[in-house]
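Asks: Supplied in structure tokens, the structure appears directly below.
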2 protein chains.
Amino acid sequence: MKKLVFTIILAAIISFPSVSQPSPEQVVKSIFDEALTSNEAYENLRFLCKNTAGRIAGTSEAAAAVEFTRQVMEEMDLSHVFLQKVTVPHWERGTVEFGMIVSSRFGSLEVPVSALGASPGTGKDGVISQVVEVKSIGELETLGIESIKGKIVFFNRPMDPTVGNTFSAYGGAAAQRTAGPAAAAKFGAKGVVIRSLTLAHDDVPHTGVTRYSENGPYIPAVSISTNGADTLSRWLETDTELKFHFITNCKNYPETESANVVGEIKGTVFPDEIITIGGHLDAWGPGEGAHDDGGGCIQSIEVLRLFKVLGIKPKRTIRAVMFMDEEMAQSGAIEYARWAEEHNEKHYAALESDRGVLSPVGFGFSAEGERLENLYELKKHFEPYGIYWFKQGGGGADIGQLRRFGTLLISYIPDTQRYFNYHHSANDSFETVNHRELQLGSAAIASLIYLIDLYDL
Amino acid sequence: MKKLVFTIILAAIISFPSVSQPSPEQVVKSIFDEALTSNEAYENLRFLCKNTAGRIAGTSEAAAAVEFTRQVMEEMDLSHVFLQKVTVPHWERGTVEFGMIVSSRFGSLEVPVSALGASPGTGKDGVISQVVEVKSIGELETLGIESIKGKIVFFNRPMDPTVGNTFSAYGGAAAQRTAGPAAAAKFGAKGVVIRSLTLAHDDVPHTGVTRYSENGPYIPAVSISTNGADTLSRWLETDTELKFHFITNCKNYPETESANVVGEIKGTVFPDEIITIGGHLDAWGPGEGAHDDGGGCIQSIEVLRLFKVLGIKPKRTIRAVMFMDEEMAQSGAIEYARWAEEHNEKHYAALESDRGVLSPVGFGFSAEGERLENLYELKKHFEPYGIYWFKQGGGGADIGQLRRFGTLLISYIPDTQRYFNYHHSANDSFETVNHRELQLGSAAIASLIYLIDLYDL
């Protein structure tokens with residue numbers, strides 16, 4: 001009750017500028033107070049995770065996620081809620097994912113596998129063949145077509161655990177997944193097995209998109225758990241003749257229609273200037289896409305809710321955008337920027353939350369010189385919440401499309417040390433999200449946007 | 001294999017100063033590389049958690065923890081491993097913990113409870129009585145003896161979720177547990193129920209020590225889960241006559257002997273100057289004491305292992321100390337400082353890891369002026385690992401006893417946003433510890449100590 005009264009009073013104060021206004025410090029505190037004591041975002045994330053798991057672009061789960069987030073925002077009394085139609089690729093994981101090492105020496109061992117996004121299914125009998133293990137695409141050239149033709153290529157490059165930044169470690173190993181199958185296909189491989197991109201040692205395969213050459217060949221490709229990869233590699237040391245057998249029934253369908261979901265609060269002074277806050281709505285099954293990136297979407301919606309419930313009236317138009325199809329082809333991001341161009345929109349700033357929703361540590365900004373210094377000045381508002389890493393460099397797969405407009409791009413930076421344990425796998429479940437960590441992020445993003453808009457930074 | 005060769009070469013280089021020495025940057029990198037690729041600390045923590053759970057001072061589990069950590073250090077070829085005898089209180093949780101709300105209006109509801117450390121058992125039939133709910137000890141004075149006598153006092157002050165620093169939020173509510181039962185006893189209460197000190201909303205009670213007046217009265221006291229506390233409070237609003245019934249068979253025994261466990265690497269230049277790295281070995285059942293504070297103990301041992309395996313020869317003597325009995329009476333910390341005084345030891349610096357082992361974010365130092373500035377200069381070595389919060393203020397329940405010697409006190413600071421979800425409860429299990437987060441902490445501590453010793457900071 002006390003909280004409700006406080007909120008109403010604050011809303012009244014902010015709405016009528018003639019009354020003495022709360023200081024920016026008071027507004028930031030009210031944002032954190034509301035976020036940390038509200039369950040709305042957390043329950044929205046629970047719903048999204050539990051009811052639209054496997055919502056990769058083009059699926060019925062993705063359509064359900066579009067409809068759910070649209071409804072949530074429709075009920076928030078925003079200035080405008082709308083869908084931006086997007087043509088997306090449509091790939092379905094299917095129902096069969098089977099992997100087995102077959103060794104005359106060690107016996108047969110079933111290992112968990114997960115089809116890579118965009119890969120074709122194997123057919124009913126699957127692919128079975130001898131295995132060529134490599135650590136990089138470059139090694140294929142050295143081996144040559146005679147060693148690879150008709151075989152399964154096993155890319156076994158681990159993420160480097162000694163790299164401090166886990167996203168850099170991911171970047172150092174991701175090419176084997178995105179480009180490995182296409183490269184192996186050129187050398188006549190029948191199929192590809194990729195070591196999962198994770199720092200965990202466990203039995204959970206981590207999927208993700210792969211990209212083929214325009215005219216193929218399109219060969220089946222799966223990821224294998226890190227434990228599975230270690231076993232396969234060890235067995236291969238003494239049994240070079242062993243075979244790998246895998247079956248998938250994933251499938252590519254014709255392109256289809258989907259949408260970005262957009263909700264906005266109209267600006268009171270510069271309504272034509274837009275500040276975008278976004279995450280991506282699509283997510284890989286078999287996980288629930290809690291950290292990647294349901295959390296980022298729900299935080300974006302929560303920023304609008306915090307502004308509304310606290311009566312904060314931004315000078316510029318604030319948009320929450322659920323980008324569709326970040327994982328497969330970034331078609332939602334491309335369409336968002338194209339549409340902005342067509343409508344002569346002025347994009348003042350854009351923030352992306354797509355690094356999971358563990359404890360927030362800071363922000364990165366695509367700014368320099370005096371503007372960057374002014375943004376660094378805001379740090380004092382965040383330090384009481386343990387958020388103190390403001391650095392140069394901002395962007396993201398979705399908002400990055402706005403870079404050509406000169407838009408200030410901002411990366412939301414949470415702690416990511418355990419993020420890749422969840423990323424693109426069944427481990428990415430609602431249960432791994434902590435209410436407080438999620439909401440410290442929502443409040444930090446809302447506060448940053450409020451301050452940037454207030455001070456015209 | 002490659003790693004082993006690298007380690008041997010590095011050890012050789014560091015051991016023979018005539019050969020060109022690796023730079024401090026190279027040594028720090030070698031520390032992080034070794035920590036992030038080794039499983040030893042993680043497996044030591046698993047053993048401690050799984051085999052000595054409930055190791056509060058004086059118990060056989062605590063004795064097992066002393067023996068295990070002593071053996072681990074004995075096998076490490078250190079300069080010296082020894083036990084420091086400590087006289088400790090001896091309280092046992094017992095086997096019965098039962099709580100029930102009994103309402104003629106709403107019926108009976110069993111709720112999870114946990115006996116507070118040092119509290120006496122209830123006897124076989126338990127304590128059953130009407131309930132007086134308060135939010136603070138001060139309210140007892142207002143209510144007076146006539147409202148409290150013969151009743152159960154229910155302290156229901158939540159940790160404030162809007163406080164940025166979770167330890168401050170804990171501090172704001174902890175008095176009800178440490179001093180509430182003694183205060184309520186003075187007003188004639190028969191028993192005390194405390195709302196669990198956690199930011200989680202769940203069914204898990206969080207325990208901790210309580211302190212009685214020297215001559216009592218000693219009344220039984222339990223914590224209740226936050227969900228249980230909310231229900232009890234809500235039912236009390238309409239049924240002020242309801243009763244609470246709880247049974248415990250915890251028991252205080254005569255003081256007994258235990259020990260601090262100490263392992264050290266002798267300094268090569270200033271062997272009489274000691275740098276202590278410590279955590280506390282005792283922990284509350286029914287949890288495993290993974291974050292509080294098995295992790296801190298294992299990190300302390302791991303620092304010595306990192307020095308040994310990398311051949312780092314410190315100028316000063318480096319000690320890993322497993323303090324006994326932080327939770328009940330800090331008798332291990334008091335004895336460590338008394339012993340130091342008796343032996344005229346010079347304590348150059350001391351670091352405590354007792355805030356859980358989630359992702360490291362920085363360090364706090366009990367220094368000022370130029371010394372503090374020089375310590376801040378070290379930050380550049382840690383930023384690649386996302387560790388960038390160096391601040392004034394260092395100490396801890398165990399190393400705090402050394403403050404009177406003018407020792408530089410250092411607090412290891414990990415992220416603590418979800419720490420109190422685990423703290424003093426069954427939630428504090430090995431499974432909640434992430435290998436990478438634990439080891440980033442071990443490496444950060446080892447690197448800091450190496451640099452402070454190297455540069456005589």
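FYI, nothing fancy with the structure tokens labels: chains A, B, ... in order, residues from 1 per chain, ligands from 1 as they appear.
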With chain A as the partner and 7 Å as the cut-off, tabulate the residues of chain B that qualify, each row holding the nearest pair of atoms and their distance in Å to one decimal, using only C-alpha atoms, sorted by chain and rising number, as JSON lines.
Replies:
```
{"residue": "B:Phe32", "atom": "CA", "partner": "A:Thr162", "partner_atom": "CA", "distance": 6.8}
{"residue": "B:Asp33", "atom": "CA", "partner": "A:Thr162", "partner_atom": "CA", "distance": 5.1}
{"residue": "B:Leu36", "atom": "CA", "partner": "A:Thr162", "partner_atom": "CA", "distance": 5.9}
{"residue": "B:Thr37", "atom": "CA", "partner": "A:Pro161", "partner_atom": "CA", "distance": 6.8}
{"residue": "B:Pro161", "atom": "CA", "partner": "A:Leu36", "partner_atom": "CA", "distance": 6.2}
{"residue": "B:Thr162", "atom": "CA", "partner": "A:Asp33", "partner_atom": "CA", "distance": 5.1}
{"residue": "B:Gly164", "atom": "CA", "partner": "A:Tyr385", "partner_atom": "CA", "distance": 4.2}
{"residue": "B:Asn165", "atom": "CA", "partner": "A:Tyr385", "partner_atom": "CA", "distance": 6.4}
{"residue": "B:Ser359", "atom": "CA", "partner": "A:Gln417", "partner_atom": "CA", "distance": 6.9}
{"residue": "B:Pro384", "atom": "CA", "partner": "A:Gly164", "partner_atom": "CA", "distance": 5.6}
{"residue": "B:Tyr385", "atom": "CA", "partner": "A:Gly164", "partner_atom": "CA", "distance": 4.2}
{"residue": "B:Gln417", "atom": "CA", "partner": "A:Glu437", "partner_atom": "CA", "distance": 6.6}
{"residue": "B:Arg436", "atom": "CA", "partner": "A:Gln417", "partner_atom": "CA", "distance": 6.9}
{"residue": "B:Glu437", "atom": "CA", "partner": "A:Gln417", "partner_atom": "CA", "distance": 6.6}
```
Asks: Could you name the residues that touch stretch 370-372 of chain B at 12 Å or less, counting only C-alpha atoms, but leaving out those on the same chain fewer than 6 positions away, as a list in words?
Replies: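 So the residues in contact are Phe363, Gly364, Leu378, Lys379, Phe390, Lys391, Gln392, Gly393, Gly394, Leu408, Leu409, Ile410, Ile452, Tyr455, Asp456 and Leu457 of chain B.
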Asks: Which residue gives the smallest distance to B:Ala333 among B:Thr59, B:Ser447, B:Thr276, B:Thr256, with only C-alpha atoms counted?
Replies: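 Among the listed residues, B:Thr276 lies closest to B:Ala333.
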Asks: Excluding B:Phe270 and any residue of its chain fewer than 4 positions from it, enumerate the residues within 12 Å of it, using only C-alpha atoms, and give them as a VMD selection string.
Replies: chain B and resid 265 to 266 274 to 275 313 to 318 345 to 348 453 to 454 456
Asks: Give me the residues near B:Ala189 as an NGL selection string, where near means some atom within 12 Å (using only C-alpha atoms) and where sequence neighbours in that chain fewer than 3 positions away do not count.
Replies: :B and (127-133 or 140 or 144-154 or 180-186 or 192-193 or 217-221)
Asks: Emit the selected residues as a JSON list (two decimals), in the first residue's frame, including N, CA and C atoms.
Replies:
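Below you can see selection-v9.json, which holds the result:
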```json
[["chain", "number", "residue", "atom", "x", "y", "z"],
["B", 127, "VAL", "N", 7.15, -26.10, 21.57],
["B", 127, "VAL", "CA", 6.57, -24.87, 22.11],
["B", 127, "VAL", "C", 5.34, -24.57, 21.28],
["B", 128, "ILE", "N", 4.24, -24.28, 21.94],
["B", 128, "ILE", "CA", 3.03, -23.88, 21.21],
["B", 128, "ILE", "C", 2.40, -22.72, 21.96],
["B", 129, "SER", "N", 2.09, -21.68, 21.22],
["B", 129, "SER", "CA", 1.54, -20.50, 21.88],
["B", 129, "SER", "C", 1.00, -19.52, 20.84],
["B", 130, "GLN", "N", 0.27, -18.53, 21.32],
["B", 130, "GLN", "CA", -0.15, -17.43, 20.47],
["B", 130, "GLN", "C", 1.07, -16.63, 20.03],
["B", 131, "VAL", "N", 0.85, -15.84, 18.97],
["B", 131, "VAL", "CA", 1.97, -15.20, 18.28],
["B", 131, "VAL", "C", 1.83, -13.68, 18.33],
["B", 132, "VAL", "N", 2.92, -13.01, 18.66],
["B", 132, "VAL", "CA", 3.00, -11.55, 18.59],
["B", 132, "VAL", "C", 3.97, -11.19, 17.47],
["B", 133, "GLU", "N", 3.45, -10.54, 16.41],
["B", 133, "GLU", "CA", 4.31, -10.19, 15.28],
["B", 133, "GLU", "C", 4.90, -8.79, 15.46],
["B", 140, "LEU", "N", 9.19, -4.33, 20.92],
["B", 140, "LEU", "CA", 8.92, -5.11, 22.13],
["B", 140, "LEU", "C", 8.68, -4.18, 23.31],
["B", 144, "GLY", "N", 5.33, -4.14, 25.55],
["B", 144, "GLY", "CA", 5.44, -4.38, 26.99],
["B", 144, "GLY", "C", 5.24, -5.84, 27.36],
["B", 145, "ILE", "N", 5.62, -6.15, 28.56],
["B", 145, "ILE", "CA", 5.64, -7.53, 29.05],
["B", 145, "ILE", "C", 4.25, -8.18, 29.03],
["B", 146, "GLU", "N", 3.21, -7.39, 29.31],
["B", 146, "GLU", "CA", 1.87, -7.97, 29.38],
["B", 146, "GLU", "C", 1.38, -8.52, 28.03],
["B", 147, "SER", "N", 1.87, -7.94, 26.93],
["B", 147, "SER", "CA", 1.46, -8.44, 25.61],
["B", 147, "SER", "C", 2.32, -9.62, 25.15],
["B", 148, "ILE", "N", 3.47, -9.78, 25.75],
["B", 148, "ILE", "CA", 4.45, -10.74, 25.23],
["B", 148, "ILE", "C", 4.59, -12.00, 26.09],
["B", 149, "LYS", "N", 4.41, -11.85, 27.37],
["B", 149, "LYS", "CA", 4.67, -12.95, 28.31],
["B", 149, "LYS", "C", 3.90, -14.23, 27.92],
["B", 150, "GLY", "N", 4.63, -15.33, 27.84],
["B", 150, "GLY", "CA", 4.03, -16.62, 27.52],
["B", 150, "GLY", "C", 3.75, -16.84, 26.05],
["B", 151, "LYS", "N", 4.03, -15.82, 25.22],
["B", 151, "LYS", "CA", 3.74, -15.96, 23.78],
["B", 151, "LYS", "C", 5.00, -16.28, 22.99],
["B", 152, "ILE", "N", 4.78, -16.51, 21.69],
["B", 152, "ILE", "CA", 5.89, -16.63, 20.74],
["B", 152, "ILE", "C", 6.02, -15.30, 20.01],
["B", 153, "VAL", "N", 7.22, -14.73, 20.04],
["B", 153, "VAL", "CA", 7.45, -13.50, 19.28],
["B", 153, "VAL", "C", 7.90, -13.86, 17.86],
["B", 154, "PHE", "N", 7.23, -13.25, 16.89],
["B", 154, "PHE", "CA", 7.51, -13.49, 15.46],
["B", 154, "PHE", "C", 8.13, -12.22, 14.89],
["B", 180, "GLY", "N", 17.27, -10.82, 18.63],
["B", 180, "GLY", "CA", 15.83, -10.90, 18.86],
["B", 180, "GLY", "C", 15.42, -11.87, 19.95],
["B", 181, "PRO", "N", 15.89, -13.11, 19.91],
["B", 181, "PRO", "CA", 15.49, -14.07, 20.95],
["B", 181, "PRO", "C", 15.86, -13.61, 22.36],
["B", 182, "ALA", "N", 17.06, -13.07, 22.55],
["B", 182, "ALA", "CA", 17.46, -12.60, 23.88],
["B", 182, "ALA", "C", 16.54, -11.48, 24.34],
["B", 183, "ALA", "N", 16.20, -10.57, 23.43],
["B", 183, "ALA", "CA", 15.33, -9.44, 23.79],
["B", 183, "ALA", "C", 13.93, -9.93, 24.13],
["B", 184, "ALA", "N", 13.41, -10.83, 23.30],
["B", 184, "ALA", "CA", 12.06, -11.35, 23.54],
["B", 184, "ALA", "C", 12.00, -12.12, 24.87],
["B", 185, "ALA", "N", 13.06, -12.84, 25.17],
["B", 185, "ALA", "CA", 13.11, -13.61, 26.42],
["B", 185, "ALA", "C", 12.97, -12.69, 27.63],
["B", 186, "LYS", "N", 13.56, -11.52, 27.55],
["B", 186, "LYS", "CA", 13.49, -10.55, 28.67],
["B", 186, "LYS", "C", 12.05, -10.13, 28.95],
["B", 192, "VAL", "N", 10.73, -17.94, 19.93],
["B", 192, "VAL", "CA", 10.87, -16.91, 18.90],
["B", 192, "VAL", "C", 10.91, -17.56, 17.52],
["B", 193, "VAL", "N", 10.22, -16.91, 16.59],
["B", 193, "VAL", "CA", 10.26, -17.29, 15.18],
["B", 193, "VAL", "C", 10.76, -16.07, 14.40],
["B", 217, "PRO", "N", 17.24, -15.55, 30.07],
["B", 217, "PRO", "CA", 16.74, -16.89, 29.76],
["B", 217, "PRO", "C", 17.03, -17.31, 28.31],
["B", 218, "TYR", "N", 17.27, -18.62, 28.17],
["B", 218, "TYR", "CA", 17.56, -19.20, 26.86],
["B", 218, "TYR", "C", 16.27, -19.81, 26.32],
["B", 219, "ILE", "N", 15.61, -19.13, 25.41],
["B", 219, "ILE", "CA", 14.36, -19.67, 24.88],
["B", 219, "ILE", "C", 14.58, -20.21, 23.47],
["B", 220, "PRO", "N", 13.82, -21.24, 23.09],
["B", 220, "PRO", "CA", 13.99, -21.83, 21.76],
["B", 220, "PRO", "C", 13.67, -20.80, 20.67],
["B", 221, "ALA", "N", 14.41, -20.89, 19.55],
["B", 221, "ALA", "CA", 14.23, -19.95, 18.45],
["B", 221, "ALA", "C", 14.50, -20.63, 17.13]]
```
Asks: Do a neighbour search on stretch 82-95 of chain B at 6 Å with only C-alpha atoms, toss out local chain neighbours closer than 6 positions, and write the hits as an MDAnalysis selection string.
Replies: chainID B and resid 58 118 249:253 255:262 332
Asks: Could those selected residues go to a file with all heavy atoms, as a JSON list (two decimals), in the first residue's frame?
Replies:
```json
[["chain", "number", "residue", "atom", "x", "y", "z"],
["B", 58, "GLY", "N", 32.71, -27.69, 16.37],
["B", 58, "GLY", "CA", 32.51, -28.67, 17.44],
["B", 58, "GLY", "C", 31.93, -29.98, 16.97],
["B", 58, "GLY", "O", 31.97, -30.97, 17.71],
["B", 118, "ALA", "N", 22.99, -21.94, 18.59],
["B", 118, "ALA", "CA", 23.10, -21.66, 20.02],
["B", 118, "ALA", "C", 21.77, -21.74, 20.75],
["B", 118, "ALA", "O", 21.74, -21.68, 21.99],
["B", 118, "ALA", "CB", 23.76, -20.30, 20.31],
["B", 249, "ASN", "N", 15.20, -30.33, 18.45],
["B", 249, "ASN", "CA", 16.01, -31.03, 19.47],
["B", 249, "ASN", "C", 17.49, -30.68, 19.33],
["B", 249, "ASN", "O", 18.36, -31.52, 19.57],
["B", 249, "ASN", "CB", 15.76, -32.54, 19.47],
["B", 249, "ASN", "CG", 16.22, -33.22, 18.20],
["B", 249, "ASN", "OD1", 16.52, -32.55, 17.21],
["B", 249, "ASN", "ND2", 16.28, -34.53, 18.20],
["B", 250, "CYS", "N", 17.74, -29.44, 18.91],
["B", 250, "CYS", "CA", 19.12, -28.95, 18.90],
["B", 250, "CYS", "C", 19.61, -28.86, 20.34],
["B", 250, "CYS", "O", 18.81, -28.86, 21.28],
["B", 250, "CYS", "CB", 19.20, -27.60, 18.21],
["B", 250, "CYS", "SG", 17.97, -26.42, 18.80],
["B", 251, "LYS", "N", 20.94, -28.77, 20.52],
["B", 251, "LYS", "CA", 21.45, -28.84, 21.89],
["B", 251, "LYS", "C", 22.84, -28.20, 21.99],
["B", 251, "LYS", "O", 23.66, -28.35, 21.10],
["B", 251, "LYS", "CB", 21.55, -30.31, 22.32],
["B", 251, "LYS", "CG", 21.80, -30.50, 23.79],
["B", 251, "LYS", "CD", 21.71, -31.97, 24.19],
["B", 251, "LYS", "CE", 22.22, -32.15, 25.62],
["B", 251, "LYS", "NZ", 22.31, -33.57, 26.00],
["B", 252, "ASN", "N", 23.06, -27.49, 23.08],
["B", 252, "ASN", "CA", 24.38, -26.95, 23.38],
["B", 252, "ASN", "C", 25.15, -27.94, 24.24],
["B", 252, "ASN", "O", 24.63, -28.44, 25.24],
["B", 252, "ASN", "CB", 24.25, -25.62, 24.12],
["B", 252, "ASN", "CG", 23.79, -24.51, 23.20],
["B", 252, "ASN", "OD1", 24.54, -24.06, 22.34],
["B", 252, "ASN", "ND2", 22.54, -24.07, 23.36],
["B", 253, "TYR", "N", 26.39, -28.21, 23.86],
["B", 253, "TYR", "CA", 27.27, -29.11, 24.62],
["B", 253, "TYR", "C", 28.42, -28.28, 25.21],
["B", 253, "TYR", "O", 28.60, -27.12, 24.83],
["B", 253, "TYR", "CB", 27.83, -30.18, 23.68],
["B", 253, "TYR", "CG", 26.77, -31.12, 23.14],
["B", 253, "TYR", "CD1", 26.04, -30.78, 22.01],
["B", 253, "TYR", "CD2", 26.51, -32.34, 23.77],
["B", 253, "TYR", "CE1", 25.05, -31.62, 21.53],
["B", 253, "TYR", "CE2", 25.53, -33.19, 23.28],
["B", 253, "TYR", "CZ", 24.80, -32.83, 22.15],
["B", 253, "TYR", "OH", 23.84, -33.66, 21.68],
["B", 255, "GLU", "N", 32.05, -26.68, 25.71],
["B", 255, "GLU", "CA", 33.06, -26.27, 24.73],
["B", 255, "GLU", "C", 33.99, -27.43, 24.43],
["B", 255, "GLU", "O", 34.21, -28.31, 25.27],
["B", 255, "GLU", "CB", 33.89, -25.12, 25.30],
["B", 255, "GLU", "CG", 33.17, -23.80, 25.32],
["B", 255, "GLU", "CD", 34.09, -22.66, 25.73],
["B", 255, "GLU", "OE1", 35.08, -22.91, 26.45],
["B", 255, "GLU", "OE2", 33.82, -21.52, 25.33],
["B", 256, "THR", "N", 34.53, -27.40, 23.22],
["B", 256, "THR", "CA", 35.39, -28.51, 22.82],
["B", 256, "THR", "C", 36.59, -27.99, 22.04],
["B", 256, "THR", "O", 36.72, -26.79, 21.81],
["B", 256, "THR", "CB", 34.57, -29.55, 22.03],
["B", 256, "THR", "OG1", 35.39, -30.66, 21.71],
["B", 256, "THR", "CG2", 34.03, -28.95, 20.74],
["B", 257, "GLU", "N", 37.47, -28.92, 21.66],
["B", 257, "GLU", "CA", 38.66, -28.53, 20.91],
["B", 257, "GLU", "C", 38.43, -28.64, 19.42],
["B", 257, "GLU", "O", 37.87, -29.63, 18.95],
["B", 257, "GLU", "CB", 39.84, -29.44, 21.28],
["B", 257, "GLU", "CG", 40.39, -29.22, 22.66],
["B", 257, "GLU", "CD", 41.08, -27.88, 22.82],
["B", 257, "GLU", "OE1", 42.11, -27.65, 22.16],
["B", 257, "GLU", "OE2", 40.57, -27.03, 23.59],
["B", 258, "SER", "N", 38.84, -27.65, 18.68],
["B", 258, "SER", "CA", 38.88, -27.75, 17.23],
["B", 258, "SER", "C", 40.16, -27.06, 16.78],
["B", 258, "SER", "O", 41.08, -26.93, 17.59],
["B", 258, "SER", "CB", 37.64, -27.15, 16.60],
["B", 258, "SER", "OG", 37.65, -27.36, 15.20],
["B", 259, "ALA", "N", 40.23, -26.61, 15.54],
["B", 259, "ALA", "CA", 41.49, -26.04, 15.06],
["B", 259, "ALA", "C", 41.31, -25.16, 13.83],
["B", 259, "ALA", "O", 40.41, -25.38, 13.03],
["B", 259, "ALA", "CB", 42.46, -27.17, 14.72],
["B", 260, "ASN", "N", 42.17, -24.16, 13.72],
["B", 260, "ASN", "CA", 42.43, -23.51, 12.44],
["B", 260, "ASN", "C", 43.43, -24.39, 11.69],
["B", 260, "ASN", "O", 44.34, -24.96, 12.30],
["B", 260, "ASN", "CB", 43.06, -22.14, 12.63],
["B", 260, "ASN", "CG", 42.16, -21.16, 13.37],
["B", 260, "ASN", "OD1", 40.94, -21.21, 13.23],
["B", 260, "ASN", "ND2", 42.76, -20.26, 14.15],
["B", 261, "VAL", "N", 43.29, -24.46, 10.37],
["B", 261, "VAL", "CA", 44.22, -25.24, 9.56],
["B", 261, "VAL", "C", 45.05, -24.26, 8.75],
["B", 261, "VAL", "O", 44.50, -23.41, 8.04],
["B", 261, "VAL", "CB", 43.47, -26.20, 8.62],
["B", 261, "VAL", "CG1", 44.45, -27.14, 7.94],
["B", 261, "VAL", "CG2", 42.40, -26.98, 9.38],
["B", 262, "VAL", "N", 46.35, -24.37, 8.87],
["B", 262, "VAL", "CA", 47.25, -23.39, 8.24],
["B", 262, "VAL", "C", 48.26, -24.10, 7.35],
["B", 262, "VAL", "O", 48.88, -25.10, 7.76],
["B", 262, "VAL", "CB", 48.01, -22.58, 9.32],
["B", 262, "VAL", "CG1", 48.84, -21.47, 8.67],
["B", 262, "VAL", "CG2", 47.05, -22.00, 10.36],
["B", 332, "GLY", "N", 38.18, -18.99, 16.23],
["B", 332, "GLY", "CA", 39.36, -19.26, 15.42],
["B", 332, "GLY", "C", 40.10, -17.98, 15.06],
["B", 332, "GLY", "O", 41.33, -17.91, 15.12]]
```
Asks: Going by DSSP on the backbone, which bits of stretch 214-413 of chain B are strand (DSSP E)? Write them as a PyMOL selection string, please.
Replies: chain B and resi 221-224+243-248+251-265+270-280+316-323+346-352+360-365+389-392+408-413
Asks: Within 12 Å of A:Gly406, counting only C-alpha atoms, which residues show up once you throw out same-chain ones fewer than 5 positions away? Write them as a short mmCIF file (atom, residue, chain, number, x, y, z; two decimals) with all heavy atoms, in the first residue's frame, please.
Replies:
```cif
data_model
loop_
_atom_site.label_atom_id
_atom_site.label_comp_id
_atom_site.auth_asym_id
_atom_site.auth_seq_id
_atom_site.Cartn_x
_atom_site.Cartn_y
_atom_site.Cartn_z
N LYS A 346 14.17 9.52 -37.25
CA LYS A 346 15.44 9.95 -36.66
C LYS A 346 15.72 9.09 -35.44
O LYS A 346 15.00 9.15 -34.44
CB LYS A 346 15.38 11.42 -36.27
CG LYS A 346 16.71 11.89 -35.73
CD LYS A 346 16.82 13.36 -35.48
CE LYS A 346 18.22 13.65 -34.91
NZ LYS A 346 18.33 14.94 -34.28
N HIS A 347 16.73 8.27 -35.52
CA HIS A 347 17.06 7.36 -34.40
C HIS A 347 18.16 7.96 -33.55
O HIS A 347 19.33 7.93 -33.91
CB HIS A 347 17.40 5.97 -34.93
CG HIS A 347 16.18 5.21 -35.31
ND1 HIS A 347 15.56 4.32 -34.48
CD2 HIS A 347 15.39 5.28 -36.42
CE1 HIS A 347 14.47 3.83 -35.05
NE2 HIS A 347 14.34 4.40 -36.24
N TYR A 348 17.75 8.48 -32.41
CA TYR A 348 18.66 9.21 -31.53
C TYR A 348 19.65 8.26 -30.83
O TYR A 348 20.83 8.52 -30.75
CB TYR A 348 17.83 9.96 -30.49
CG TYR A 348 18.62 10.89 -29.61
CD1 TYR A 348 18.98 12.16 -30.06
CD2 TYR A 348 18.99 10.52 -28.32
CE1 TYR A 348 19.72 13.03 -29.25
CE2 TYR A 348 19.72 11.38 -27.51
CZ TYR A 348 20.07 12.63 -27.98
OH TYR A 348 20.79 13.48 -27.19
N ALA A 349 19.11 7.19 -30.31
CA ALA A 349 19.93 6.20 -29.59
C ALA A 349 19.24 4.85 -29.64
O ALA A 349 18.02 4.77 -29.86
CB ALA A 349 20.15 6.62 -28.14
N ALA A 350 20.02 3.79 -29.46
CA ALA A 350 19.45 2.44 -29.42
C ALA A 350 20.27 1.58 -28.48
O ALA A 350 21.50 1.64 -28.49
CB ALA A 350 19.44 1.83 -30.82
N SER A 366 28.82 3.53 -28.35
CA SER A 366 29.49 3.85 -29.62
C SER A 366 29.68 5.35 -29.72
O SER A 366 29.16 6.01 -30.62
CB SER A 366 28.65 3.36 -30.80
OG SER A 366 27.49 4.17 -30.94
N ALA A 367 30.41 5.92 -28.77
CA ALA A 367 30.62 7.37 -28.75
C ALA A 367 32.09 7.64 -28.50
O ALA A 367 32.86 6.74 -28.18
CB ALA A 367 29.77 8.01 -27.65
N GLY A 395 26.93 -1.75 -29.50
CA GLY A 395 26.31 -2.28 -30.71
C GLY A 395 25.54 -3.54 -30.39
O GLY A 395 25.11 -3.74 -29.25
N ILE A 399 20.57 -3.88 -33.20
CA ILE A 399 20.65 -2.42 -33.33
C ILE A 399 21.81 -2.00 -34.23
O ILE A 399 21.85 -0.87 -34.72
CB ILE A 399 20.77 -1.70 -31.96
CG1 ILE A 399 22.04 -2.11 -31.22
CG2 ILE A 399 19.52 -1.97 -31.11
CD1 ILE A 399 22.32 -1.24 -29.99
N GLY A 400 22.73 -2.92 -34.47
CA GLY A 400 23.89 -2.61 -35.32
C GLY A 400 23.48 -2.10 -36.70
O GLY A 400 24.22 -1.35 -37.34
N GLN A 401 22.29 -2.49 -37.15
CA GLN A 401 21.79 -2.03 -38.45
C GLN A 401 21.54 -0.52 -38.47
O GLN A 401 21.40 0.07 -39.53
CB GLN A 401 20.48 -2.76 -38.80
CG GLN A 401 20.64 -4.26 -39.01
CD GLN A 401 21.38 -4.60 -40.29
OE1 GLN A 401 21.42 -3.82 -41.23
NE2 GLN A 401 22.00 -5.78 -40.32
#
```
